[in-house]
Structures are given as C-alpha cells and as structure tokens.
file structure.cif (mmCIF, C-alpha atoms)
data_work
loop_
_atom_site.label_atom_id
_atom_site.label_comp_id
_atom_site.auth_asym_id
_atom_site.auth_seq_id
_atom_site.Cartn_x
_atom_site.Cartn_y
_atom_site.Cartn_z
CA ASP A 232 62.79 -83.63 -26.33
CA PHE A 233 64.09 -86.29 -28.72
CA LEU A 234 65.32 -89.78 -27.92
CA LYS A 235 69.00 -90.26 -28.80
CA PRO A 236 69.89 -93.93 -28.24
CA ARG A 237 73.36 -95.31 -28.90
CA LEU A 238 74.72 -98.84 -29.23
CA ASN A 239 78.47 -99.52 -29.31
CA VAL A 240 79.92 -103.01 -29.77
CA SER A 241 83.58 -104.00 -30.18
CA TRP A 242 85.33 -107.34 -30.65
CA ALA A 243 89.03 -108.20 -30.58
CA PRO A 244 89.39 -111.78 -31.94
CA ASP A 245 93.20 -111.68 -31.88
CA GLU A 246 95.96 -109.44 -30.62
CA GLY A 247 96.33 -106.43 -32.88
CA GLN A 248 92.87 -106.78 -34.44
CA GLN A 249 89.64 -105.05 -33.51
CA TRP A 250 86.19 -104.87 -35.03
CA GLY A 251 83.81 -102.13 -34.00
CA PHE A 252 80.18 -101.26 -34.68
CA GLN A 253 78.25 -98.24 -33.49
CA ILE A 254 74.77 -97.00 -34.24
CA GLU A 255 73.34 -93.84 -32.78
CA ARG A 256 70.63 -91.27 -33.30
CA VAL A 257 71.77 -87.65 -33.57
CA VAL A 258 69.46 -84.65 -33.45
CA GLU A 259 70.94 -81.53 -35.03
CA GLN A 260 70.36 -78.00 -33.81
CA LEU A 261 68.27 -75.60 -35.85
CA ASP A 262 69.79 -72.50 -37.42
CA PHE A 263 68.11 -69.27 -36.34
CA GLY A 264 68.17 -68.13 -39.97
CA ALA A 265 65.57 -70.76 -40.84
CA PHE A 266 63.03 -68.95 -38.63
CA ALA A 267 63.78 -65.41 -39.82
CA SER A 268 62.80 -63.62 -43.02
CA SER A 269 65.56 -62.34 -45.31
CA ALA A 270 66.08 -60.27 -48.43
CA GLU A 271 68.85 -59.92 -51.04
CA PHE A 272 67.77 -56.89 -53.02
CA ASP A 273 70.63 -57.08 -55.53
CA ASP A 274 69.40 -60.49 -56.71
CA ALA A 275 65.69 -59.97 -55.93
CA ILE A 276 65.70 -62.99 -53.62
CA PHE A 277 63.32 -62.81 -50.67
CA GLY A 278 62.99 -65.41 -47.95
CA VAL A 279 60.30 -66.05 -45.38
CA GLY A 280 60.73 -67.66 -41.98
CA ASN A 281 59.19 -70.98 -41.02
CA ALA A 282 58.27 -71.47 -37.38
CA GLU A 283 57.09 -75.06 -37.97
CA ILE A 284 60.36 -76.68 -39.02
CA GLU A 285 61.92 -79.46 -36.96
CA PRO A 286 65.59 -80.34 -36.55
CA GLN A 287 67.10 -83.03 -38.73
CA LYS A 288 67.34 -86.48 -37.10
CA LEU A 289 70.23 -88.68 -38.14
CA TRP A 290 70.65 -92.42 -37.75
CA VAL A 291 74.40 -93.04 -38.06
CA ALA A 292 75.76 -96.59 -38.44
CA ASP A 293 79.55 -96.96 -38.29
CA ALA A 294 81.37 -100.28 -38.91
CA ARG A 295 85.14 -100.29 -38.50
CA TYR A 296 88.08 -102.70 -38.68
CA GLU A 297 91.52 -101.88 -37.25
CA ARG A 298 94.70 -103.92 -37.58
CA GLN A 299 98.01 -103.27 -35.82
CA PHE A 300 101.08 -104.88 -37.41
CA GLY A 301 103.59 -103.90 -34.73
CA GLY A 302 105.35 -100.61 -34.15
CA GLN A 303 103.52 -97.85 -36.00
CA ASN A 304 102.30 -100.07 -38.82
CA SER A 305 98.52 -100.05 -38.95
CA LEU A 306 95.44 -100.20 -41.17
CA ALA A 307 91.94 -98.92 -40.42
CA ILE A 308 88.87 -99.28 -42.65
CA GLY A 309 85.53 -97.72 -41.86
CA LEU A 310 82.08 -97.72 -43.46
CA VAL A 311 79.61 -95.06 -42.35
CA HIS A 312 75.96 -94.94 -43.41
CA THR A 313 73.78 -92.01 -42.41
CA ARG A 314 70.04 -91.70 -42.89
CA ILE A 315 68.72 -88.18 -42.45
CA GLU A 316 65.09 -87.82 -41.40
CA ASP A 317 63.19 -84.53 -41.68
CA PHE A 318 65.84 -83.32 -44.10
CA LEU A 319 65.99 -79.52 -44.15
CA GLY A 320 66.13 -77.93 -47.58
CA ARG A 321 65.51 -74.51 -49.04
CA THR A 322 62.65 -74.44 -51.53
CA VAL A 323 60.23 -71.91 -52.99
CA VAL A 324 56.70 -70.81 -52.20
CA ILE A 325 54.59 -69.20 -54.93
CA LEU A 326 51.83 -66.91 -53.66
CA PRO A 327 49.06 -65.17 -55.63
CA PRO A 328 49.98 -61.67 -56.82
CA SER A 329 49.18 -58.81 -54.48
CA SER A 330 47.49 -56.89 -57.33
CA PRO A 331 45.61 -58.12 -60.43
CA GLY A 332 47.90 -58.33 -63.44
CA ASP A 333 51.11 -58.60 -61.38
CA PRO A 334 53.27 -61.74 -61.54
CA PRO A 335 52.99 -64.22 -58.66
CA ASP A 336 55.10 -63.53 -55.57
CA VAL A 337 57.95 -66.04 -55.16
CA PHE A 338 59.62 -66.55 -51.78
CA GLU A 339 62.31 -68.91 -50.52
CA ILE A 340 61.66 -70.95 -47.37
CA ASP A 341 63.37 -73.68 -45.33
CA ARG A 342 61.25 -76.81 -44.96
CA ASN A 343 61.47 -80.40 -43.78
CA LEU A 344 61.44 -82.37 -47.02
CA GLY A 345 61.60 -86.09 -46.25
CA GLU A 346 64.75 -88.21 -46.16
CA ALA A 347 68.33 -88.14 -47.45
CA THR A 348 71.22 -90.59 -47.20
CA ARG A 349 74.99 -90.24 -46.94
CA ASP A 350 77.64 -92.98 -47.21
CA ALA A 351 81.39 -92.92 -46.70
CA LEU A 352 84.31 -95.33 -47.03
CA GLU A 353 87.34 -94.29 -44.93
CA VAL A 354 90.76 -95.93 -45.22
CA ASP A 355 93.81 -94.93 -43.15
CA ALA A 356 97.18 -96.65 -43.25
CA THR A 357 100.56 -96.02 -41.58
CA MET A 358 103.82 -97.81 -42.44
CA GLU A 359 107.32 -97.65 -40.97
CA LEU A 360 109.99 -97.35 -43.67
CA ASP A 361 113.02 -98.80 -41.86
CA ARG A 362 112.66 -102.08 -43.75
CA ILE A 363 113.19 -100.32 -47.09
CA GLY A 364 116.23 -98.38 -45.90
CA MET A 365 114.71 -95.14 -44.55
CA GLU A 366 115.64 -95.20 -40.87
CA GLY A 367 113.03 -93.52 -38.67
CA GLY A 368 110.76 -92.89 -41.65
CA ILE A 369 106.96 -93.16 -41.49
CA PHE A 370 104.50 -92.89 -44.36
CA SER A 371 100.79 -92.25 -43.77
CA LEU A 372 97.91 -92.28 -46.25
CA GLY A 373 94.22 -91.57 -45.83
CA VAL A 374 91.48 -91.85 -48.46
CA ASP A 375 87.79 -90.99 -48.09
CA LEU A 376 85.13 -91.81 -50.69
CA ARG A 377 81.68 -90.31 -50.18
CA ASP A 378 78.27 -90.60 -51.80
CA SER A 379 74.86 -89.20 -50.93
CA SER A 380 71.34 -88.94 -52.28
CA VAL A 381 68.55 -86.43 -51.80
CA ALA A 382 65.60 -85.20 -53.84
CA ASP A 383 66.31 -81.63 -54.92
CA PRO A 384 63.84 -79.42 -52.99
CA VAL A 385 63.15 -77.34 -56.12
CA THR A 386 63.30 -79.71 -59.10
CA GLY A 387 62.56 -83.05 -57.38
CA GLU A 388 65.52 -84.68 -59.16
CA GLU A 389 67.93 -86.94 -57.32
CA ARG A 390 71.34 -85.37 -56.59
CA VAL A 391 74.13 -85.42 -53.99
CA LEU A 392 73.91 -83.32 -50.83
CA SER A 393 74.83 -79.69 -51.23
CA GLY A 394 78.45 -78.87 -50.40
CA GLN A 395 79.66 -82.50 -50.25
CA ASP A 396 82.94 -83.50 -51.87
CA GLU A 397 82.93 -86.97 -53.40
CA TRP A 398 86.50 -87.81 -52.39
CA ALA A 399 89.37 -86.57 -50.29
CA TRP A 400 92.87 -87.82 -49.56
CA ASN A 401 95.88 -86.95 -47.45
CA ALA A 402 99.43 -88.25 -47.34
CA SER A 403 102.47 -87.51 -45.21
CA LEU A 404 106.10 -88.57 -45.03
CA GLN A 405 108.22 -87.94 -41.95
CA GLN A 406 111.60 -89.00 -40.62
CA THR A 407 113.08 -88.79 -37.15
CA LEU A 408 116.86 -88.99 -36.76
CA ALA A 409 119.68 -88.38 -34.24
CA ASP A 410 117.85 -90.05 -31.34
CA GLY A 411 114.81 -87.84 -31.87
CA ASN A 412 116.75 -84.56 -32.05
CA PHE A 413 116.12 -83.98 -35.76
CA ARG A 414 112.78 -84.40 -37.51
CA TRP A 415 111.36 -83.37 -40.86
CA SER A 416 108.03 -83.99 -42.55
CA ILE A 417 106.07 -83.17 -45.68
CA SER A 418 102.31 -83.52 -46.11
CA MET A 419 99.74 -83.04 -48.83
CA ASN A 420 95.96 -83.21 -49.07
CA ASP A 421 93.28 -82.54 -51.64
CA ASN A 422 89.56 -83.03 -52.16
CA ALA A 423 87.05 -82.99 -54.99
CA ASP A 424 85.25 -79.88 -56.17
CA THR A 425 81.94 -79.22 -54.43
CA LEU A 426 78.53 -78.29 -55.79
CA SER A 427 76.06 -76.22 -53.79
CA TRP A 428 72.44 -75.56 -54.70
CA SER A 429 69.95 -72.87 -53.75
CA PRO A 430 66.47 -72.32 -55.26
CA ARG A 431 67.85 -69.89 -57.83
CA SER A 432 71.54 -70.75 -58.21
CA VAL A 433 74.13 -73.52 -58.52
CA GLU A 434 77.70 -72.98 -57.30
CA ASN A 435 80.84 -74.96 -58.07
CA GLY A 436 83.76 -74.53 -55.64
CA HIS A 437 87.37 -75.50 -56.35
CA GLY A 438 90.08 -75.43 -53.71
CA GLY A 439 93.13 -77.22 -55.09
CA PRO A 440 95.77 -79.26 -53.24
CA PHE A 441 97.56 -78.19 -50.05
CA LEU A 442 101.26 -78.96 -49.59
CA GLY A 443 103.23 -78.21 -46.43
CA ALA A 444 106.62 -79.07 -44.91
CA ASN A 445 108.35 -78.55 -41.59
CA VAL A 446 111.62 -79.34 -39.84
CA SER A 447 112.75 -79.21 -36.22
CA TRP A 448 116.19 -79.57 -34.65
CA LYS A 449 117.37 -79.77 -31.06
CA PRO A 450 121.02 -78.68 -31.15
CA SER A 451 121.40 -78.97 -27.38
CA PRO A 452 119.21 -79.90 -24.40
CA GLY A 453 116.41 -77.36 -23.88
CA TRP A 454 116.74 -75.67 -27.29
CA THR A 455 114.52 -76.34 -30.33
CA LEU A 456 114.80 -74.64 -33.70
CA GLY A 457 111.87 -75.09 -36.07
CA ALA A 458 110.76 -73.93 -39.52
CA SER A 459 107.70 -74.62 -41.64
CA VAL A 460 106.26 -73.70 -45.03
CA ASN A 461 102.50 -73.88 -45.53
CA ASN A 462 100.50 -74.02 -48.75
CA ILE A 463 103.54 -74.38 -51.00
CA VAL A 464 101.41 -74.86 -54.12
CA ALA A 465 99.34 -71.76 -53.25
CA GLU A 466 96.64 -72.52 -55.84
CA ASP A 467 93.86 -69.94 -55.98
CA VAL A 468 90.44 -70.84 -54.60
CA SER A 469 87.72 -70.29 -57.21
CA PHE A 470 83.92 -70.28 -57.26
CA GLU A 471 81.55 -70.25 -60.22
CA ARG A 472 77.90 -69.49 -59.43
CA VAL A 473 75.14 -69.66 -62.05
CA PHE A 474 72.08 -67.53 -61.25
CA TYR A 475 68.64 -68.26 -62.72
CA ASP A 476 65.96 -65.73 -63.62
CA ALA A 477 63.40 -67.77 -61.65
CA PRO A 478 63.40 -70.91 -59.46
CA ARG A 479 65.54 -73.56 -61.16
CA ASN A 480 62.56 -75.80 -62.00
CA ILE A 481 61.02 -73.13 -64.25
CA GLY A 482 63.84 -70.61 -64.85
CA SER A 483 66.78 -70.29 -67.21
CA PRO A 484 70.40 -69.28 -66.50
CA GLU A 485 70.56 -65.48 -66.34
CA TYR A 486 74.21 -64.73 -65.54
CA VAL A 487 77.34 -66.29 -64.07
CA GLU A 488 79.35 -64.90 -61.16
CA TYR A 489 83.05 -65.76 -60.80
CA ARG A 490 84.97 -65.31 -57.54
CA THR A 491 88.56 -66.15 -56.72
CA GLY A 492 90.67 -66.04 -53.60
CA ASP A 493 94.45 -65.85 -53.61
CA GLY A 494 96.28 -68.91 -52.37
CA ILE A 495 98.48 -67.62 -49.57
CA ARG A 496 101.87 -69.21 -48.94
CA SER A 497 103.37 -68.69 -45.50
CA MET A 498 106.63 -69.50 -43.71
CA ASN A 499 107.36 -69.66 -40.00
CA VAL A 500 110.62 -69.87 -38.06
CA SER A 501 110.72 -70.44 -34.32
CA LEU A 502 113.27 -70.79 -31.56
CA ARG A 503 112.17 -72.29 -28.23
CA ARG A 504 113.97 -72.61 -24.93
CA ASP A 505 112.71 -75.03 -22.26
CA PHE A 506 113.75 -74.44 -18.68
#
call {"tool": "encode", "arguments": {"input": "structure.cif", "output": "structure tokens"}}
result
Amino acid sequence: DFLKPRLNVSWAPDEGQQWGFQIERVVEQLDFGAFASSAEFDDAIFGVGNAEIEPQKLWVADARYERQFGGQNSLAIGLVHTRIEDFLGRTVVILPPSSPGDPPDVFEIDRNLGEATRDALEVDATMELDRIGMEGGIFSLGVDLRDSSVADPVTGEERVLSGQDEWAWNASLQQTLADGNFRWSISMNDNADTLSWSPRSVENGHGGPFLGANVSWKPSPGWTLGASVNNIVAEDVSFERVFYDAPRNIGSPEYVEYRTGDGIRSMNVSLRRDF
C-alpha cells in the first residue's frame, strides 16, 4: 500500500474571483507488459521482464486563479508542477555472450530510474461578443505550454518526456440567435509534434490542426435539425521513426521508417423529434 495524501485550499477574496491550490500524491498502476518478456524478430529487439519494478509516484502541485467578469466572460490561469518518483523507463541490459566469440547479448528492460519533472501553464478565456456587435456570440480560447525533464535511460542526456507535446491550443466561435432556436459554431485545435524514444529508436509524430463546424435549427417546438463537418482540413497524420543498429548510446542510425495515416473528413446530418 502507498500513502496518497491530498491538500486542497481555496480562497475567494472578492465576488467573481477565486484562488485555488492543491497538492496530492498519485500512485500510477503498473503495465503488465513491464513484467513480461517480449520479442520483435523483424527488428531483432528482445525484451526481458522485471518483477522488481515499482509504480511511479507523482507529487502534483496545482495553483489556479479564476476570474468571472459577468455573463460568460471569464479567465482561468493554472500552473501545474509534477515531480515523478521512481520514474519508469525502458533501458538496455548487456549480458555476456552465451558462447565464446559471440557478441554480447543485448536485452531491453523496464526499470525505475530516479526522478523526472513536468510543468504546465494553462490559460482559458471566454468572452461574449455582444459589445462588439455580434449578438449572442461567444469566443473561447485555450492555450497550454508544457515542459519536462528526465535523464534519458539509455544515453543519460537530459531531454523531455517521451510523447509530450510542448504546446497545444484550441479556439471556438459560436453564436446563438432567434431566442436559442438557431445556433452555429466553428472550432479549431492543434498541438506541437511529439518525440518518442525507445532504446533503439526515435520517433517524431505529426498530427496537424483539426477544424470542425456545426449548426442546429429548431424550426418548430419539438423538432431539431442539425449538421456538422469534422476535420475539415483533413491533414494526414505522419510518423518518422529512426532505427539504430544498437542501443542509441553506442549505435548509429540504420534505417528510417515512414508511416502516414489519411486525414478523414466526415459530415453528419440529423433530425430529432422530442415528444
């Protein structure tokens, strides 16, 4: 069993303002794959299980400020710091050769490898647009900036956490008219490319922006007609993975694998009757 304390404090000095602070300890669950052996014969990558690993323990500190300006006008700013203890990373084990003259046997293994940190700045804002002439209009914007630090389990060099995007944003514009009987909206989001590391490869993933729109209309009581278009940009998802001929600390790039996925655009139309 692991202790998981939590402290939550909030303060509202004035109407429409609130400060909040929370600190808690989180214990993550272990993945069964970390205990089991594995093999990828195409790439000559062999893994061994580790029955002695422990789950990662996270201390998460979250400080937040929220301000309401009346109606749906608001601003929220958050700072989140995470310290990861018993960080789990995949590294290599080099064993003596099974026969004289053979090269050493190299295996991949999951191990607890010390500490890592992760930080995030989160900003969310919503603004009514009536004052600038757009009746029933609302604009929303969210921005996340992220940073992290960990010692690479293979090379020992400092880098960001595997699979983390350094930034992300989302924005939406909507308008409600005719006493709530007609509504349209458009939204867009995007995030930075991500890097992922394994003992013998480095992968760069690119997703591209997402753009969607929808509209709904109530022509008469009980009837709703709706339509939406998703992923209007439909940019392909792409991955570039560099494989090394040995663990990255001693190996050299051997070949590059490229993978792409088609961006799929979709459209939906619906008619609903409420009784």
call {"tool": "closest_residue", "arguments": {"input": "structure.cif", "among": "A:Ile325, A:Ala356, A:Val446, A:Val433", "to": "Arg472 in chain A", "atoms": "only C-alpha atoms"}}
result
A:Val433
call {"tool": "resolve_selection", "arguments": {"input": "structure.cif", "expression": "the PyMOL selection byres ((chain A and resi 316-321) around 7)", "output": "number ranges by chain"}}
result
A: 287-289, 314-315, 322, 339-347, 384, 429-430
call {"tool": "closest_atom_pairs", "arguments": {"input": "structure.cif", "of": "range 378-437 of chain A", "to": "range 451-464 of chain A", "cutoff": "12 Å", "atoms": "only C-alpha atoms", "output": "JSON lines"}}
result
{"residue": "A:Ala409", "atom": "CA", "partner": "A:Ser451", "partner_atom": "CA", "distance": 11.8}
{"residue": "A:Gly411", "atom": "CA", "partner": "A:Thr455", "partner_atom": "CA", "distance": 11.6}
{"residue": "A:Asn412", "atom": "CA", "partner": "A:Ser451", "partner_atom": "CA", "distance": 8.6}
{"residue": "A:Phe413", "atom": "CA", "partner": "A:Thr455", "partner_atom": "CA", "distance": 9.5}
{"residue": "A:Arg414", "atom": "CA", "partner": "A:Gly457", "partner_atom": "CA", "distance": 9.5}
{"residue": "A:Trp415", "atom": "CA", "partner": "A:Ser459", "partner_atom": "CA", "distance": 9.5}
{"residue": "A:Ser416", "atom": "CA", "partner": "A:Ser459", "partner_atom": "CA", "distance": 9.4}
{"residue": "A:Ile417", "atom": "CA", "partner": "A:Val460", "partner_atom": "CA", "distance": 9.5}
{"residue": "A:Ser418", "atom": "CA", "partner": "A:Asn461", "partner_atom": "CA", "distance": 9.7}
{"residue": "A:Met419", "atom": "CA", "partner": "A:Asn462", "partner_atom": "CA", "distance": 9.1}
{"residue": "A:Asn420", "atom": "CA", "partner": "A:Asn462", "partner_atom": "CA", "distance": 10.3}
{"residue": "A:Asp421", "atom": "CA", "partner": "A:Val464", "partner_atom": "CA", "distance": 11.5}
call {"tool": "atom_distance", "arguments": {"input": "structure.cif", "atom1": "CA of Glu246 in chain A", "atom2": "CA of Val291 in chain A"}}
result
28.1 Å
call {"tool": "atom_distance", "arguments": {"input": "structure.cif", "atom1": "CA of Glu488 in chain A", "atom2": "CA of Glu434 in chain A"}}
result
9.1 Å
call {"tool": "atom_distance", "arguments": {"input": "structure.cif", "atom1": "CA of Gly302 in chain A", "atom2": "CA of Thr357 in chain A"}}
result
10.0 Å
call {"tool": "build_atoms", "arguments": {"input": "structure.cif", "residues": "range 413-424 of chain A", "atoms": "all heavy atoms", "output": "PDB file, in the frame of the given file"}}
result
ATOM      1  N   PHE A 413     116.350 -84.601 -34.451  1.00  0.00           N
ATOM      2  CA  PHE A 413     116.120 -83.980 -35.760  1.00  0.00           C
ATOM      3  C   PHE A 413     114.919 -84.662 -36.416  1.00  0.00           C
ATOM      4  O   PHE A 413     114.852 -85.889 -36.482  1.00  0.00           O
ATOM      5  CB  PHE A 413     117.349 -84.093 -36.658  1.00  0.00           C
ATOM      6  CG  PHE A 413     117.187 -83.396 -37.985  1.00  0.00           C
ATOM      7  CD1 PHE A 413     117.413 -82.029 -38.087  1.00  0.00           C
ATOM      8  CD2 PHE A 413     116.795 -84.098 -39.112  1.00  0.00           C
ATOM      9  CE1 PHE A 413     117.247 -81.384 -39.312  1.00  0.00           C
ATOM     10  CE2 PHE A 413     116.640 -83.459 -40.337  1.00  0.00           C
ATOM     11  CZ  PHE A 413     116.861 -82.093 -40.438  1.00  0.00           C
ATOM     12  N   ARG A 414     113.992 -83.841 -36.901  1.00  0.00           N
ATOM     13  CA  ARG A 414     112.780 -84.400 -37.510  1.00  0.00           C
ATOM     14  C   ARG A 414     112.333 -83.504 -38.655  1.00  0.00           C
ATOM     15  O   ARG A 414     112.356 -82.276 -38.540  1.00  0.00           O
ATOM     16  CB  ARG A 414     111.649 -84.506 -36.479  1.00  0.00           C
ATOM     17  CG  ARG A 414     110.345 -85.060 -37.034  1.00  0.00           C
ATOM     18  CD  ARG A 414     109.285 -85.114 -35.947  1.00  0.00           C
ATOM     19  NE  ARG A 414     108.026 -85.613 -36.444  1.00  0.00           N
ATOM     20  CZ  ARG A 414     107.083 -84.857 -37.010  1.00  0.00           C
ATOM     21  NH1 ARG A 414     107.292 -83.545 -37.136  1.00  0.00           N
ATOM     22  NH2 ARG A 414     105.958 -85.387 -37.446  1.00  0.00           N
ATOM     23  N   TRP A 415     111.949 -84.126 -39.750  1.00  0.00           N
ATOM     24  CA  TRP A 415     111.360 -83.370 -40.860  1.00  0.00           C
ATOM     25  C   TRP A 415     110.115 -84.108 -41.362  1.00  0.00           C
ATOM     26  O   TRP A 415     109.958 -85.319 -41.163  1.00  0.00           O
ATOM     27  CB  TRP A 415     112.366 -83.199 -42.008  1.00  0.00           C
ATOM     28  CG  TRP A 415     112.769 -84.478 -42.691  1.00  0.00           C
ATOM     29  CD1 TRP A 415     113.847 -85.260 -42.404  1.00  0.00           C
ATOM     30  CD2 TRP A 415     112.082 -85.114 -43.785  1.00  0.00           C
ATOM     31  NE1 TRP A 415     113.885 -86.351 -43.234  1.00  0.00           N
ATOM     32  CE2 TRP A 415     112.819 -86.284 -44.100  1.00  0.00           C
ATOM     33  CE3 TRP A 415     110.953 -84.831 -44.524  1.00  0.00           C
ATOM     34  CZ2 TRP A 415     112.436 -87.170 -45.113  1.00  0.00           C
ATOM     35  CZ3 TRP A 415     110.558 -85.692 -45.541  1.00  0.00           C
ATOM     36  CH2 TRP A 415     111.303 -86.841 -45.826  1.00  0.00           C
ATOM     37  N   SER A 416     109.241 -83.374 -42.013  1.00  0.00           N
ATOM     38  CA  SER A 416     108.030 -83.990 -42.550  1.00  0.00           C
ATOM     39  C   SER A 416     107.502 -83.156 -43.703  1.00  0.00           C
ATOM     40  O   SER A 416     107.763 -81.951 -43.801  1.00  0.00           O
ATOM     41  CB  SER A 416     106.948 -84.121 -41.465  1.00  0.00           C
ATOM     42  OG  SER A 416     106.460 -82.849 -41.079  1.00  0.00           O
ATOM     43  N   ILE A 417     106.753 -83.827 -44.573  1.00  0.00           N
ATOM     44  CA  ILE A 417     106.070 -83.170 -45.680  1.00  0.00           C
ATOM     45  C   ILE A 417     104.687 -83.807 -45.796  1.00  0.00           C
ATOM     46  O   ILE A 417     104.540 -85.016 -45.615  1.00  0.00           O
ATOM     47  CB  ILE A 417     106.871 -83.307 -47.002  1.00  0.00           C
ATOM     48  CG1 ILE A 417     106.201 -82.504 -48.119  1.00  0.00           C
ATOM     49  CG2 ILE A 417     107.062 -84.755 -47.387  1.00  0.00           C
ATOM     50  CD1 ILE A 417     107.059 -82.391 -49.361  1.00  0.00           C
ATOM     51  N   SER A 418     103.678 -83.005 -46.048  1.00  0.00           N
ATOM     52  CA  SER A 418     102.310 -83.520 -46.110  1.00  0.00           C
ATOM     53  C   SER A 418     101.549 -82.850 -47.231  1.00  0.00           C
ATOM     54  O   SER A 418     101.855 -81.710 -47.622  1.00  0.00           O
ATOM     55  CB  SER A 418     101.578 -83.291 -44.779  1.00  0.00           C
ATOM     56  OG  SER A 418     101.478 -81.912 -44.492  1.00  0.00           O
ATOM     57  N   MET A 419     100.559 -83.562 -47.737  1.00  0.00           N
ATOM     58  CA  MET A 419      99.740 -83.040 -48.830  1.00  0.00           C
ATOM     59  C   MET A 419      98.332 -83.574 -48.697  1.00  0.00           C
ATOM     60  O   MET A 419      98.126 -84.715 -48.251  1.00  0.00           O
ATOM     61  CB  MET A 419     100.339 -83.440 -50.187  1.00  0.00           C
ATOM     62  CG  MET A 419      99.684 -82.770 -51.383  1.00  0.00           C
ATOM     63  SD  MET A 419     100.574 -83.121 -52.930  1.00  0.00           S
ATOM     64  CE  MET A 419      99.696 -82.031 -54.058  1.00  0.00           C
ATOM     65  N   ASN A 420      97.343 -82.751 -49.053  1.00  0.00           N
ATOM     66  CA  ASN A 420      95.960 -83.210 -49.070  1.00  0.00           C
ATOM     67  C   ASN A 420      95.187 -82.496 -50.172  1.00  0.00           C
ATOM     68  O   ASN A 420      95.581 -81.421 -50.627  1.00  0.00           O
ATOM     69  CB  ASN A 420      95.284 -83.003 -47.708  1.00  0.00           C
ATOM     70  CG  ASN A 420      95.201 -81.545 -47.311  1.00  0.00           C
ATOM     71  OD1 ASN A 420      94.428 -80.770 -47.868  1.00  0.00           O
ATOM     72  ND2 ASN A 420      96.011 -81.152 -46.319  1.00  0.00           N
ATOM     73  N   ASP A 421      94.107 -83.106 -50.583  1.00  0.00           N
ATOM     74  CA  ASP A 421      93.280 -82.540 -51.640  1.00  0.00           C
ATOM     75  C   ASP A 421      91.887 -83.149 -51.533  1.00  0.00           C
ATOM     76  O   ASP A 421      91.701 -84.196 -50.900  1.00  0.00           O
ATOM     77  CB  ASP A 421      93.879 -82.841 -53.016  1.00  0.00           C
ATOM     78  CG  ASP A 421      93.277 -81.988 -54.134  1.00  0.00           C
ATOM     79  OD1 ASP A 421      92.529 -81.042 -53.819  1.00  0.00           O
ATOM     80  OD2 ASP A 421      93.555 -82.272 -55.314  1.00  0.00           O
ATOM     81  N   ASN A 422      90.911 -82.506 -52.129  1.00  0.00           N
ATOM     82  CA  ASN A 422      89.560 -83.030 -52.160  1.00  0.00           C
ATOM     83  C   ASN A 422      88.864 -82.592 -53.451  1.00  0.00           C
ATOM     84  O   ASN A 422      89.311 -81.679 -54.144  1.00  0.00           O
ATOM     85  CB  ASN A 422      88.747 -82.572 -50.945  1.00  0.00           C
ATOM     86  CG  ASN A 422      88.686 -81.080 -50.815  1.00  0.00           C
ATOM     87  OD1 ASN A 422      89.547 -80.475 -50.179  1.00  0.00           O
ATOM     88  ND2 ASN A 422      87.681 -80.449 -51.416  1.00  0.00           N
ATOM     89  N   ALA A 423      87.772 -83.267 -53.756  1.00  0.00           N
ATOM     90  CA  ALA A 423      87.050 -82.990 -54.990  1.00  0.00           C
ATOM     91  C   ALA A 423      86.370 -81.632 -54.929  1.00  0.00           C
ATOM     92  O   ALA A 423      86.144 -81.064 -53.851  1.00  0.00           O
ATOM     93  CB  ALA A 423      86.010 -84.088 -55.242  1.00  0.00           C
ATOM     94  N   ASP A 424      86.052 -81.098 -56.106  1.00  0.00           N
ATOM     95  CA  ASP A 424      85.250 -79.880 -56.170  1.00  0.00           C
ATOM     96  C   ASP A 424      83.882 -80.141 -55.542  1.00  0.00           C
ATOM     97  O   ASP A 424      83.404 -81.284 -55.499  1.00  0.00           O
ATOM     98  CB  ASP A 424      85.067 -79.429 -57.617  1.00  0.00           C
ATOM     99  CG  ASP A 424      86.381 -78.995 -58.259  1.00  0.00           C
ATOM    100  OD1 ASP A 424      87.387 -78.897 -57.523  1.00  0.00           O
ATOM    101  OD2 ASP A 424      86.389 -78.759 -59.483  1.00  0.00           O
TER     102      ASP A 424
END
